[in-house]
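Pasting structure26.cif here (mmCIF, C-alpha atoms):
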```
data_input
#
loop_
_atom_site.label_atom_id
_atom_site.label_comp_id
_atom_site.auth_asym_id
_atom_site.auth_seq_id
_atom_site.Cartn_x
_atom_site.Cartn_y
_atom_site.Cartn_z
CA MET S 1 -19.51 56.32 53.76
CA GLY S 2 -23.23 55.57 53.45
CA LYS S 3 -24.92 52.48 54.78
CA VAL S 4 -25.58 49.44 52.61
CA GLY S 5 -28.94 49.64 50.84
CA ARG S 6 -31.95 47.36 51.11
CA MET S 7 -33.63 45.06 48.61
CA LYS S 8 -36.50 42.59 48.27
CA LEU S 9 -35.44 38.95 48.24
CA GLY S 10 -38.04 36.97 46.40
CA SER S 11 -41.71 37.86 46.19
CA GLN S 12 -42.98 36.66 49.59
CA GLY S 13 -42.09 39.82 51.52
CA LEU S 14 -38.55 39.16 52.74
CA GLU S 15 -36.39 42.31 52.71
CA VAL S 16 -32.65 42.17 53.37
CA SER S 17 -29.52 44.25 53.02
CA ALA S 18 -28.19 44.28 49.44
CA GLN S 19 -24.93 42.85 50.76
CA GLY S 20 -24.87 39.96 53.18
CA LEU S 21 -22.37 38.63 55.67
CA GLY S 22 -21.48 34.98 55.12
CA CYS S 23 -20.66 33.48 58.51
CA VAL S 24 -18.76 30.36 57.53
CA GLY S 25 -15.53 32.24 58.29
CA ILE S 26 -16.39 32.87 61.93
CA SER S 27 -16.26 29.14 62.58
CA SER S 28 -13.37 26.71 62.23
CA PHE S 29 -14.71 25.54 58.87
CA ASN S 30 -12.02 27.42 56.96
CA ASP S 31 -9.33 26.77 59.58
CA GLN S 32 -9.72 30.30 60.93
CA HIS S 33 -9.56 30.73 64.68
CA LYS S 34 -10.27 34.29 65.77
CA PRO S 35 -10.96 35.37 69.34
CA GLU S 36 -14.65 35.35 70.19
CA GLU S 37 -14.63 39.03 71.12
CA GLU S 38 -13.13 39.94 67.76
CA ILE S 39 -15.78 37.97 65.88
CA ILE S 40 -18.64 39.57 67.79
CA LYS S 41 -17.12 43.01 67.20
CA LEU S 42 -16.96 42.25 63.46
CA ILE S 43 -20.62 41.21 63.35
CA HIS S 44 -21.70 44.35 65.21
CA HIS S 45 -19.65 46.50 62.84
CA ALA S 46 -21.32 44.85 59.84
CA VAL S 47 -24.80 45.44 61.28
CA ASP S 48 -23.98 49.08 62.14
CA SER S 49 -22.84 49.52 58.52
CA GLY S 50 -26.16 48.24 57.19
CA VAL S 51 -25.08 44.67 56.43
CA THR S 52 -27.96 43.05 58.29
CA PHE S 53 -28.40 39.87 56.24
CA LEU S 54 -26.44 37.24 58.19
CA ASP S 55 -26.03 33.82 56.59
CA THR S 56 -24.80 30.77 58.48
CA ALA S 57 -25.39 26.98 58.68
CA ASP S 58 -25.40 24.27 61.32
CA VAL S 59 -22.51 22.49 59.59
CA TYR S 60 -20.19 25.51 59.94
CA GLY S 61 -17.89 24.49 62.76
CA PRO S 62 -19.97 22.39 63.11
CA HIS S 63 -22.32 24.46 65.25
CA THR S 64 -19.77 27.08 66.36
CA SER S 65 -20.90 29.67 63.79
CA GLU S 66 -24.50 29.52 65.02
CA ILE S 67 -23.41 29.64 68.66
CA LEU S 68 -21.23 32.72 68.09
CA LEU S 69 -24.00 34.42 66.14
CA GLY S 70 -26.38 33.74 68.99
CA LYS S 71 -24.02 35.55 71.35
CA ALA S 72 -23.56 38.45 68.93
CA LEU S 73 -27.31 38.94 68.59
CA LYS S 74 -27.82 39.75 72.26
CA GLY S 75 -28.71 43.22 73.48
CA GLY S 76 -31.25 44.09 70.82
CA VAL S 77 -29.12 43.18 67.79
CA ARG S 78 -31.49 40.35 66.80
CA GLU S 79 -34.23 42.84 65.98
CA LYS S 80 -31.93 44.62 63.51
CA VAL S 81 -30.99 41.63 61.33
CA GLU S 82 -32.36 39.10 58.87
CA LEU S 83 -30.97 35.76 59.92
CA ALA S 84 -30.51 32.82 57.56
CA THR S 85 -29.24 29.38 58.46
CA LYS S 86 -29.20 25.99 56.76
CA PHE S 87 -29.78 22.31 57.44
CA GLY S 88 -29.16 19.09 55.58
CA LEU S 89 -25.37 18.66 55.70
CA PHE S 90 -23.48 17.08 58.55
CA SER S 91 -20.20 15.31 59.02
CA VAL S 92 -19.90 11.63 59.88
CA ASP S 93 -16.35 10.31 60.38
CA GLY S 94 -15.02 13.23 58.37
CA LYS S 95 -17.41 12.74 55.47
CA LEU S 96 -20.36 14.98 54.67
CA GLU S 97 -23.78 13.36 54.48
CA VAL S 98 -27.03 14.87 53.17
CA HIS S 99 -30.36 14.37 54.91
CA GLY S 100 -33.82 15.74 54.10
CA ASP S 101 -36.28 13.43 55.83
CA PRO S 102 -38.99 15.16 57.91
CA ALA S 103 -37.72 13.99 61.30
CA TYR S 104 -34.23 15.30 60.53
CA VAL S 105 -35.57 18.61 59.20
CA ARG S 106 -37.51 19.25 62.39
CA ALA S 107 -34.70 18.16 64.70
CA ALA S 108 -32.18 20.32 62.82
CA CYS S 109 -34.45 23.34 63.03
CA GLU S 110 -35.02 22.93 66.76
CA ALA S 111 -31.27 22.54 67.34
CA SER S 112 -30.44 25.68 65.32
CA LEU S 113 -33.06 27.70 67.21
CA LYS S 114 -31.47 26.59 70.47
CA ARG S 115 -27.89 27.37 69.40
CA LEU S 116 -28.90 30.76 68.01
CA ASP S 117 -31.07 31.35 71.09
CA ILE S 118 -33.95 32.73 69.05
CA ASP S 119 -37.64 31.88 68.56
CA CYS S 120 -37.80 32.07 64.77
CA ILE S 121 -35.40 31.78 61.81
CA ASP S 122 -35.99 34.39 59.11
CA LEU S 123 -34.76 32.29 56.17
CA TYR S 124 -34.19 28.54 56.47
CA TYR S 125 -32.34 26.86 53.61
CA GLN S 126 -31.98 23.23 52.71
CA HIS S 127 -28.20 23.25 52.35
CA ARG S 128 -28.08 20.41 49.83
CA VAL S 129 -30.95 18.41 48.35
CA ASP S 130 -31.28 14.84 49.59
CA THR S 131 -31.91 12.90 46.38
CA ARG S 132 -33.15 9.91 48.38
CA VAL S 133 -36.11 11.90 49.70
CA PRO S 134 -38.61 13.50 47.27
CA ILE S 135 -38.29 17.26 47.59
CA GLU S 136 -42.05 17.41 48.17
CA ILE S 137 -41.60 15.47 51.43
CA THR S 138 -38.87 17.78 52.70
CA MET S 139 -40.86 20.85 51.71
CA GLY S 140 -43.93 19.49 53.46
CA GLU S 141 -42.10 19.55 56.78
CA LEU S 142 -40.66 23.00 56.10
CA LYS S 143 -44.19 24.23 55.37
CA LYS S 144 -45.28 22.92 58.78
CA LEU S 145 -42.40 24.79 60.44
CA VAL S 146 -43.56 27.99 58.74
CA GLU S 147 -47.11 27.42 59.94
CA GLU S 148 -45.81 26.83 63.48
CA GLY S 149 -43.87 30.11 63.43
CA LYS S 150 -40.45 28.49 63.78
CA ILE S 151 -39.29 29.83 60.39
CA LYS S 152 -40.55 32.69 58.23
CA TYR S 153 -39.23 31.95 54.75
CA VAL S 154 -37.86 28.88 52.96
CA GLY S 155 -34.78 28.67 50.76
CA LEU S 156 -32.81 26.09 48.78
CA SER S 157 -29.08 25.91 48.21
CA GLU S 158 -27.50 24.37 45.11
CA ALA S 159 -30.74 22.95 43.69
CA CYS S 160 -31.42 22.30 40.01
CA ALA S 161 -34.21 24.06 38.11
CA SER S 162 -36.63 21.12 38.14
CA THR S 163 -36.20 20.64 41.90
CA ILE S 164 -36.81 24.35 42.48
CA ARG S 165 -40.08 24.12 40.53
CA ARG S 166 -41.28 21.06 42.44
CA ALA S 167 -40.37 22.59 45.80
CA HIS S 168 -42.02 25.90 44.96
CA ALA S 169 -45.26 24.09 44.11
CA VAL S 170 -45.47 22.79 47.70
CA HIS S 171 -44.55 26.05 49.44
CA PRO S 172 -43.16 29.31 48.02
CA ILE S 173 -39.37 29.44 47.87
CA SER S 174 -38.07 32.90 48.78
CA ALA S 175 -34.41 32.42 47.86
CA VAL S 176 -32.00 30.07 46.13
CA GLN S 177 -28.37 30.24 47.16
CA LEU S 178 -25.73 29.33 44.63
CA GLU S 179 -22.21 30.16 43.56
CA TRP S 180 -22.32 32.86 40.88
CA SER S 181 -19.39 34.89 39.63
CA LEU S 182 -17.41 35.61 36.49
CA TRP S 183 -15.97 32.10 36.59
CA THR S 184 -19.10 30.27 37.77
CA ARG S 185 -21.82 31.07 35.24
CA ASP S 186 -23.45 27.73 34.42
CA VAL S 187 -26.39 28.72 36.65
CA GLU S 188 -27.37 31.31 34.04
CA GLU S 189 -28.60 28.61 31.66
CA GLU S 190 -31.59 27.27 33.61
CA ILE S 191 -31.53 28.14 37.30
CA VAL S 192 -31.45 31.94 37.09
CA PRO S 193 -34.24 32.12 34.47
CA THR S 194 -36.35 29.71 36.55
CA CYS S 195 -35.94 31.85 39.66
CA ARG S 196 -36.86 34.98 37.74
CA GLU S 197 -39.95 33.31 36.34
CA LEU S 198 -41.12 32.13 39.77
CA GLY S 199 -40.24 35.32 41.65
CA ILE S 200 -37.50 33.69 43.70
CA GLY S 201 -34.56 35.73 44.95
CA ILE S 202 -30.97 34.66 44.35
CA VAL S 203 -28.26 34.79 46.99
CA ALA S 204 -24.90 34.54 45.25
CA TYR S 205 -21.99 33.26 47.31
CA SER S 206 -18.33 33.72 46.36
CA PRO S 207 -19.19 36.51 43.86
CA LEU S 208 -15.49 37.48 43.81
CA GLY S 209 -14.35 33.96 42.91
CA ARG S 210 -13.42 33.08 46.52
CA GLY S 211 -11.18 36.16 46.62
CA PHE S 212 -9.47 35.52 43.29
CA PHE S 213 -10.97 38.56 41.55
CA ALA S 214 -10.10 40.82 44.48
CA SER S 215 -6.57 39.63 45.26
CA GLY S 216 -5.46 37.51 42.32
CA ALA S 217 -4.21 33.94 42.20
CA LYS S 218 -1.85 34.44 45.15
CA VAL S 219 -4.85 34.53 47.49
CA VAL S 220 -4.87 30.72 47.27
CA GLU S 221 -1.34 30.55 48.69
CA SER S 222 -2.49 32.24 51.89
CA TRP S 223 -4.91 29.42 52.72
CA ALA S 224 -3.83 26.54 54.92
CA THR S 225 -3.37 23.04 53.54
CA GLY S 226 -6.72 21.27 53.50
CA ASP S 227 -8.73 24.50 53.40
CA PRO S 228 -11.85 23.63 51.33
CA ARG S 229 -11.59 26.95 49.49
CA LYS S 230 -8.14 25.96 48.24
CA VAL S 231 -9.42 22.74 46.68
CA CYS S 232 -12.35 24.52 45.00
CA ALA S 233 -10.22 27.40 43.77
CA TYR S 234 -7.55 25.17 42.24
CA GLU S 235 -10.17 23.00 40.52
CA THR S 236 -11.87 26.05 39.06
CA TYR S 237 -8.63 27.78 38.08
CA PHE S 238 -7.22 24.80 36.23
CA SER S 239 -10.54 24.04 34.50
CA LEU S 240 -10.57 27.61 33.21
CA SER S 241 -6.97 27.32 32.06
CA GLU S 242 -7.56 24.20 29.95
#
```
Once you've parsed the file, please lay out its structure as structure tokens.
Amino acid sequence: MGKVGRMKLGSQGLEVSAQGLGCVGISSFNDQHKPEEEIIKLIHHAVDSGVTFLDTADVYGPHTSEILLGKALKGGVREKVELATKFGLFSVDGKLEVHGDPAYVRAACEASLKRLDIDCIDLYYQHRVDTRVPIEITMGELKKLVEEGKIKYVGLSEACASTIRRAHAVHPISAVQLEWSLWTRDVEEEIVPTCRELGIGIVAYSPLGRGFFASGAKVVESWATGDPRKVCAYETYFSLSE
């Protein structure tokens, strides 16, 4: 079996593996608790197979995904991968809040660098857009982080087309992450054309419908009660059935 190929992500010079490894599952976010050694072995296997684009976030765990990745990247593995993480979402009393003010952006970046035990993040996403803070303000701080060498490329997750345009005008956006699959195609109306026009790469998560298109509807039954994937899958399934 050949290794996974490479591709350009956006037009600013970022190159990644054509397939990425989403690292939400290595944390407790999806109620999965695997031994640390098993997780690190999985990450090393992915990298050895050519899957070098590793995507995590500070909210996964929270923090445990980044910490485990930091451990897995020891021994020269860091130099083989393109590492993406995200900021902007955190839990307060069990509820997720969104923040995009400059002080938070900088503090979140510094904390992720420490947990990952690295000097620079390859791709730093705003996980969700803080509608209380003009995107230009958030992007201004991200631009400073690029200039300081703390991050290389900037990304957005789940942003609308107009926000992408405004953000890109402040500093080039290399990638937009969004859910895109056979049952999630609304992004094709405005967001995908906008990204193509501006030369922004697209990172599609849940391309197999959260496992539905690989295993069928019974995949939902294997998830624990309260698993966020179960809620999303049921909502999508029933909306498609109506």
- Residue nearest Ile118 of chain S among S:Leu96, S:Gly201, S:Asp48, S:Lys74 (counting all atoms listed in the file): S:Lys74
- Message: Suppose a student applies the PyMOL selection byres ((chain S and resi 59-64) around 10) to this structure; what residues should they get, written as a PyMOL selection string?
- Response: chain S and resi 23-31+56-58+65-70+85-91+96+111-112+115-116+127
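For Lys80 of chain S, the non-local neighbours within 12 Å, defined as residues at least 5 positions apart in the same chain or in other chains and counting all atoms listed in the file, are Glu15, Val16, Ser17, Ile43, His44, Ala46, Val47, Asp48, Ser49, Gly50, Val51, Thr52, Phe53, Leu54, Ala72, Leu73, Lys74, Gly75 and Asp122 of chain S.
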Could you state which residues are captured by the PyMOL selection byres ((chain S and resi 190-197) around 9) in this file, as a PDB file with C-alpha atoms, in the frame of the given file?
```
ATOM      1  CA  GLY S  10     -38.040  36.970  46.400  1.00  0.00           C
ATOM      2  CA  ALA S 159     -30.740  22.950  43.690  1.00  0.00           C
ATOM      3  CA  CYS S 160     -31.420  22.300  40.010  1.00  0.00           C
ATOM      4  CA  ALA S 161     -34.210  24.060  38.110  1.00  0.00           C
ATOM      5  CA  SER S 162     -36.630  21.120  38.140  1.00  0.00           C
ATOM      6  CA  ILE S 164     -36.810  24.350  42.480  1.00  0.00           C
ATOM      7  CA  ARG S 165     -40.080  24.120  40.530  1.00  0.00           C
ATOM      8  CA  ALA S 175     -34.410  32.420  47.860  1.00  0.00           C
ATOM      9  CA  VAL S 176     -32.000  30.070  46.130  1.00  0.00           C
ATOM     10  CA  ASP S 186     -23.450  27.730  34.420  1.00  0.00           C
ATOM     11  CA  VAL S 187     -26.390  28.720  36.650  1.00  0.00           C
ATOM     12  CA  GLU S 188     -27.370  31.310  34.040  1.00  0.00           C
ATOM     13  CA  GLU S 189     -28.600  28.610  31.660  1.00  0.00           C
ATOM     14  CA  LEU S 198     -41.120  32.130  39.770  1.00  0.00           C
ATOM     15  CA  GLY S 199     -40.240  35.320  41.650  1.00  0.00           C
ATOM     16  CA  ILE S 200     -37.500  33.690  43.700  1.00  0.00           C
ATOM     17  CA  GLY S 201     -34.560  35.730  44.950  1.00  0.00           C
ATOM     18  CA  ILE S 202     -30.970  34.660  44.350  1.00  0.00           C
TER      19      ILE S 202
END
```
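Between Gly155 of chain S and the residues S:Leu21, S:Ala108, S:Leu14, S:Ala103, the shortest atom-to-atom distance, using only C-alpha atoms, involves S:Leu14.
Distances to Arg166 of chain S were evaluated for S:Glu136, S:Glu147, S:Glu141, S:Glu97 using only C-alpha atoms, and the minimum falls at S:Glu136.
Nearest residue to Val129 of chain S among S:Cys109, S:His99, S:Arg6, S:Glu148 is S:His99, counting all atoms listed in the file.
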- Query: Could you name the residues that touch segment 177-179 of chain S at 7 Å or less, counting all atoms listed in the file, but leaving out those on the same chain fewer than 6 positions away, as a list in words?
  - Reply: Leu156, Ser157, Glu158, Ile202, Val203, Ala204, Tyr205 and Ser206 of chain S
